[in-house]
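To keep things clear, I will list the structure first and then write my remarks on it.
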Amino acid sequence: MNTKSPSFTQQLQAAWASQGSMLCVGFDPDPKRIPASLAGKPEPIFEFCKAIADATADLVCAFKPQIAYFASQGAETQLKRLISHLKTQYPYIPVILDAKRGDIGSTAEHYAMEAFERYGADAVTVNPYMGFDSIEPYLRYSQKGVIVLCRTSNPGGSDLQFLKNSSTGEPLYLEVAKLAASKWNASGQLGLVVGATFPEEIAKVRNLVGDMPLLIPGIGAQGGDIAATVKAGSIAQKPGTGMIINSSRAILYASSGEDFAQAARKVAQTTRDALNAAAK
């Protein structure tokens, strides 16, 4: 009997189908914005994120904790507990550790161990600036996903991502997309980060990479347009798939009161429904 667990890509395909959602809830827990009602708890960051996860789990295709928000507070144990809770209660929802690691050799091996063994994430975000040998150690975890920064949602991303290849004339972000879709992706584990603030670039990346998963931050607080994002990233004949569209702050901080989880659910549901409407 084959007891091998599903791969990250298989988890995503199943989640898109069973959840009917392309929404990803990102966990960026700022202690200054966590509701006062949790202030006296021994693990307020965990309690905050857990409550929002439990309130939104039926509305999402993925969860995405951002490691810096936990590490800066010495809350790595709370992050580990959160991911354990997510994997226990919602094993059908993939967890992406947003770490944006980018190093080589044994250091990259340890970052991979951190993401996949210490925290138990299903996928991790990485920075490709140092080339394939900064990505390869993560690929040794054959069931895990590796999501490569390509066209980021911040304005300063253009400083480097739009530099032209002297041979092809293509901007750097498209060269990254080409490598990720071909030479680097022999095992089929890769996805790409492409920001919602640049829908034209999303479309260019989609045309290059086929049905590769795209993690798309930038809607919600960052102002990315939902309809333009979904149109740009859609896969022909496969509506409602192919994209992991992240919203963090707009959902997390929908209310600062004791109703924070219910308020988060309301925003998440509105966002999920808007994404689905745009995909039709």
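All residue names refer to the structure tokens as shown: chains lettered A, B, ... in order, residues numbered from 1 in each chain, ligands numbered from 1 in order.
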
As a short mmCIF file (atom, residue, chain, number, x, y, z; two decimals) with all heavy atoms, in the first residue's frame, please: the residues near A:Gly105 (cut-off 12 Å, only C-alpha atoms, same-chain neighbours under 3 positions excluded).
```cif
data_model
loop_
_atom_site.label_atom_id
_atom_site.label_comp_id
_atom_site.auth_asym_id
_atom_site.auth_seq_id
_atom_site.Cartn_x
_atom_site.Cartn_y
_atom_site.Cartn_z
N GLY A 102 17.79 32.80 1.04
CA GLY A 102 18.62 32.85 -0.16
C GLY A 102 20.09 32.67 0.16
O GLY A 102 20.81 33.66 0.31
N ALA A 108 22.06 26.70 3.11
CA ALA A 108 20.76 26.44 2.49
C ALA A 108 20.18 25.12 2.99
O ALA A 108 18.96 25.01 3.19
CB ALA A 108 20.88 26.44 0.98
N GLU A 109 21.03 24.14 3.19
CA GLU A 109 20.55 22.86 3.73
C GLU A 109 19.89 23.05 5.09
O GLU A 109 18.85 22.46 5.40
CB GLU A 109 21.72 21.88 3.86
CG GLU A 109 22.28 21.40 2.52
CD GLU A 109 23.51 20.54 2.70
OE1 GLU A 109 23.83 20.20 3.86
OE2 GLU A 109 24.15 20.20 1.69
N HIS A 110 20.50 23.91 5.92
CA HIS A 110 19.94 24.14 7.25
C HIS A 110 18.66 24.98 7.19
O HIS A 110 17.74 24.77 7.99
CB HIS A 110 20.99 24.79 8.15
CG HIS A 110 21.99 23.81 8.67
ND1 HIS A 110 21.78 23.07 9.81
CD2 HIS A 110 23.19 23.41 8.18
CE1 HIS A 110 22.81 22.27 10.03
NE2 HIS A 110 23.68 22.45 9.05
N TYR A 111 18.60 25.92 6.25
CA TYR A 111 17.35 26.65 6.07
C TYR A 111 16.22 25.71 5.63
O TYR A 111 15.07 25.85 6.05
CB TYR A 111 17.51 27.77 5.03
CG TYR A 111 18.13 29.03 5.55
CD1 TYR A 111 19.06 29.75 4.78
CD2 TYR A 111 17.79 29.55 6.80
CE1 TYR A 111 19.62 30.93 5.24
CE2 TYR A 111 18.34 30.73 7.27
CZ TYR A 111 19.26 31.41 6.49
OH TYR A 111 19.81 32.59 6.95
N ALA A 112 16.55 24.73 4.77
CA ALA A 112 15.56 23.75 4.35
C ALA A 112 15.11 22.89 5.54
O ALA A 112 13.92 22.61 5.70
CB ALA A 112 16.12 22.87 3.24
N MET A 130 21.14 34.01 -5.80
CA MET A 130 22.41 33.27 -5.84
C MET A 130 22.35 32.05 -6.75
O MET A 130 23.28 31.23 -6.76
CB MET A 130 22.83 32.88 -4.42
CG MET A 130 23.13 34.08 -3.54
SD MET A 130 23.63 33.66 -1.86
CE MET A 130 25.32 33.08 -2.14
N GLY A 131 21.28 31.88 -7.51
CA GLY A 131 21.23 30.83 -8.50
C GLY A 131 20.70 29.50 -8.00
O GLY A 131 20.24 29.37 -6.86
N PHE A 132 20.79 28.49 -8.89
CA PHE A 132 20.16 27.20 -8.61
C PHE A 132 20.71 26.52 -7.37
O PHE A 132 19.97 25.83 -6.66
CB PHE A 132 20.30 26.27 -9.81
CG PHE A 132 19.64 24.93 -9.60
CD1 PHE A 132 18.26 24.84 -9.54
CD2 PHE A 132 20.40 23.78 -9.42
CE1 PHE A 132 17.64 23.60 -9.33
CE2 PHE A 132 19.79 22.56 -9.21
CZ PHE A 132 18.41 22.47 -9.17
N ASP A 133 22.00 26.70 -7.07
CA ASP A 133 22.54 26.01 -5.90
C ASP A 133 22.03 26.58 -4.59
O ASP A 133 22.25 26.01 -3.53
CB ASP A 133 24.07 25.93 -5.92
CG ASP A 133 24.75 27.25 -6.21
OD1 ASP A 133 24.08 28.18 -6.69
OD2 ASP A 133 25.96 27.35 -5.98
N SER A 134 21.30 27.70 -4.65
CA SER A 134 20.63 28.21 -3.45
C SER A 134 19.22 27.63 -3.32
O SER A 134 18.57 27.80 -2.28
CB SER A 134 20.56 29.74 -3.47
OG SER A 134 19.71 30.20 -4.51
N ILE A 135 18.75 26.95 -4.35
CA ILE A 135 17.40 26.36 -4.37
C ILE A 135 17.46 24.84 -4.24
O ILE A 135 16.58 24.23 -3.61
CB ILE A 135 16.69 26.76 -5.68
CG1 ILE A 135 16.45 28.28 -5.70
CG2 ILE A 135 15.37 26.01 -5.86
CD1 ILE A 135 15.98 28.81 -7.03
N GLU A 136 18.49 24.24 -4.79
CA GLU A 136 18.58 22.78 -4.87
C GLU A 136 18.42 22.07 -3.53
O GLU A 136 17.74 21.02 -3.46
CB GLU A 136 19.90 22.39 -5.54
CG GLU A 136 20.02 20.92 -5.89
CD GLU A 136 20.53 20.08 -4.73
OE1 GLU A 136 21.26 20.63 -3.88
OE2 GLU A 136 20.20 18.88 -4.70
N PRO A 137 18.99 22.56 -2.41
CA PRO A 137 18.81 21.83 -1.14
C PRO A 137 17.36 21.66 -0.72
O PRO A 137 17.02 20.65 -0.09
CB PRO A 137 19.59 22.69 -0.14
CG PRO A 137 20.65 23.35 -0.97
CD PRO A 137 19.95 23.66 -2.26
N TYR A 138 16.51 22.61 -1.07
CA TYR A 138 15.09 22.49 -0.71
C TYR A 138 14.41 21.41 -1.55
O TYR A 138 13.47 20.76 -1.09
CB TYR A 138 14.37 23.83 -0.94
CG TYR A 138 14.94 24.97 -0.14
CD1 TYR A 138 15.95 25.78 -0.67
CD2 TYR A 138 14.48 25.26 1.14
CE1 TYR A 138 16.48 26.84 0.06
CE2 TYR A 138 14.99 26.31 1.87
CZ TYR A 138 16.00 27.09 1.33
OH TYR A 138 16.53 28.13 2.06
#
```

Spatial neighbours of stretch 256-268 of chain A, 12 Å, only C-alpha atoms, chain gap at least 3 places, as a ChimeraX atom specification: /A:21-27,30-39,47-61,219-221,245-253,271-275

For atom CA of A:Ile244 and atom CA of A:Ile216, the interatomic separation in Å (one decimal): 5.9 Å

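In this structure, atom CA of A:Ala232 sits 16.1 Å away from atom CA of A:Gly191.
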
Secondary structure check, alpha helix (DSSP H) residues of stretch 17-130 of chain A, as a PyMOL selection string: chain A and resi 17-19+44-56+67-71+76-89+105-113

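With only C-alpha atoms as the basis for measurement, A:Tyr129 is the residue among A:Ala181, A:Tyr129, A:Leu192, A:Ala228 that approaches A:Leu160 most closely.
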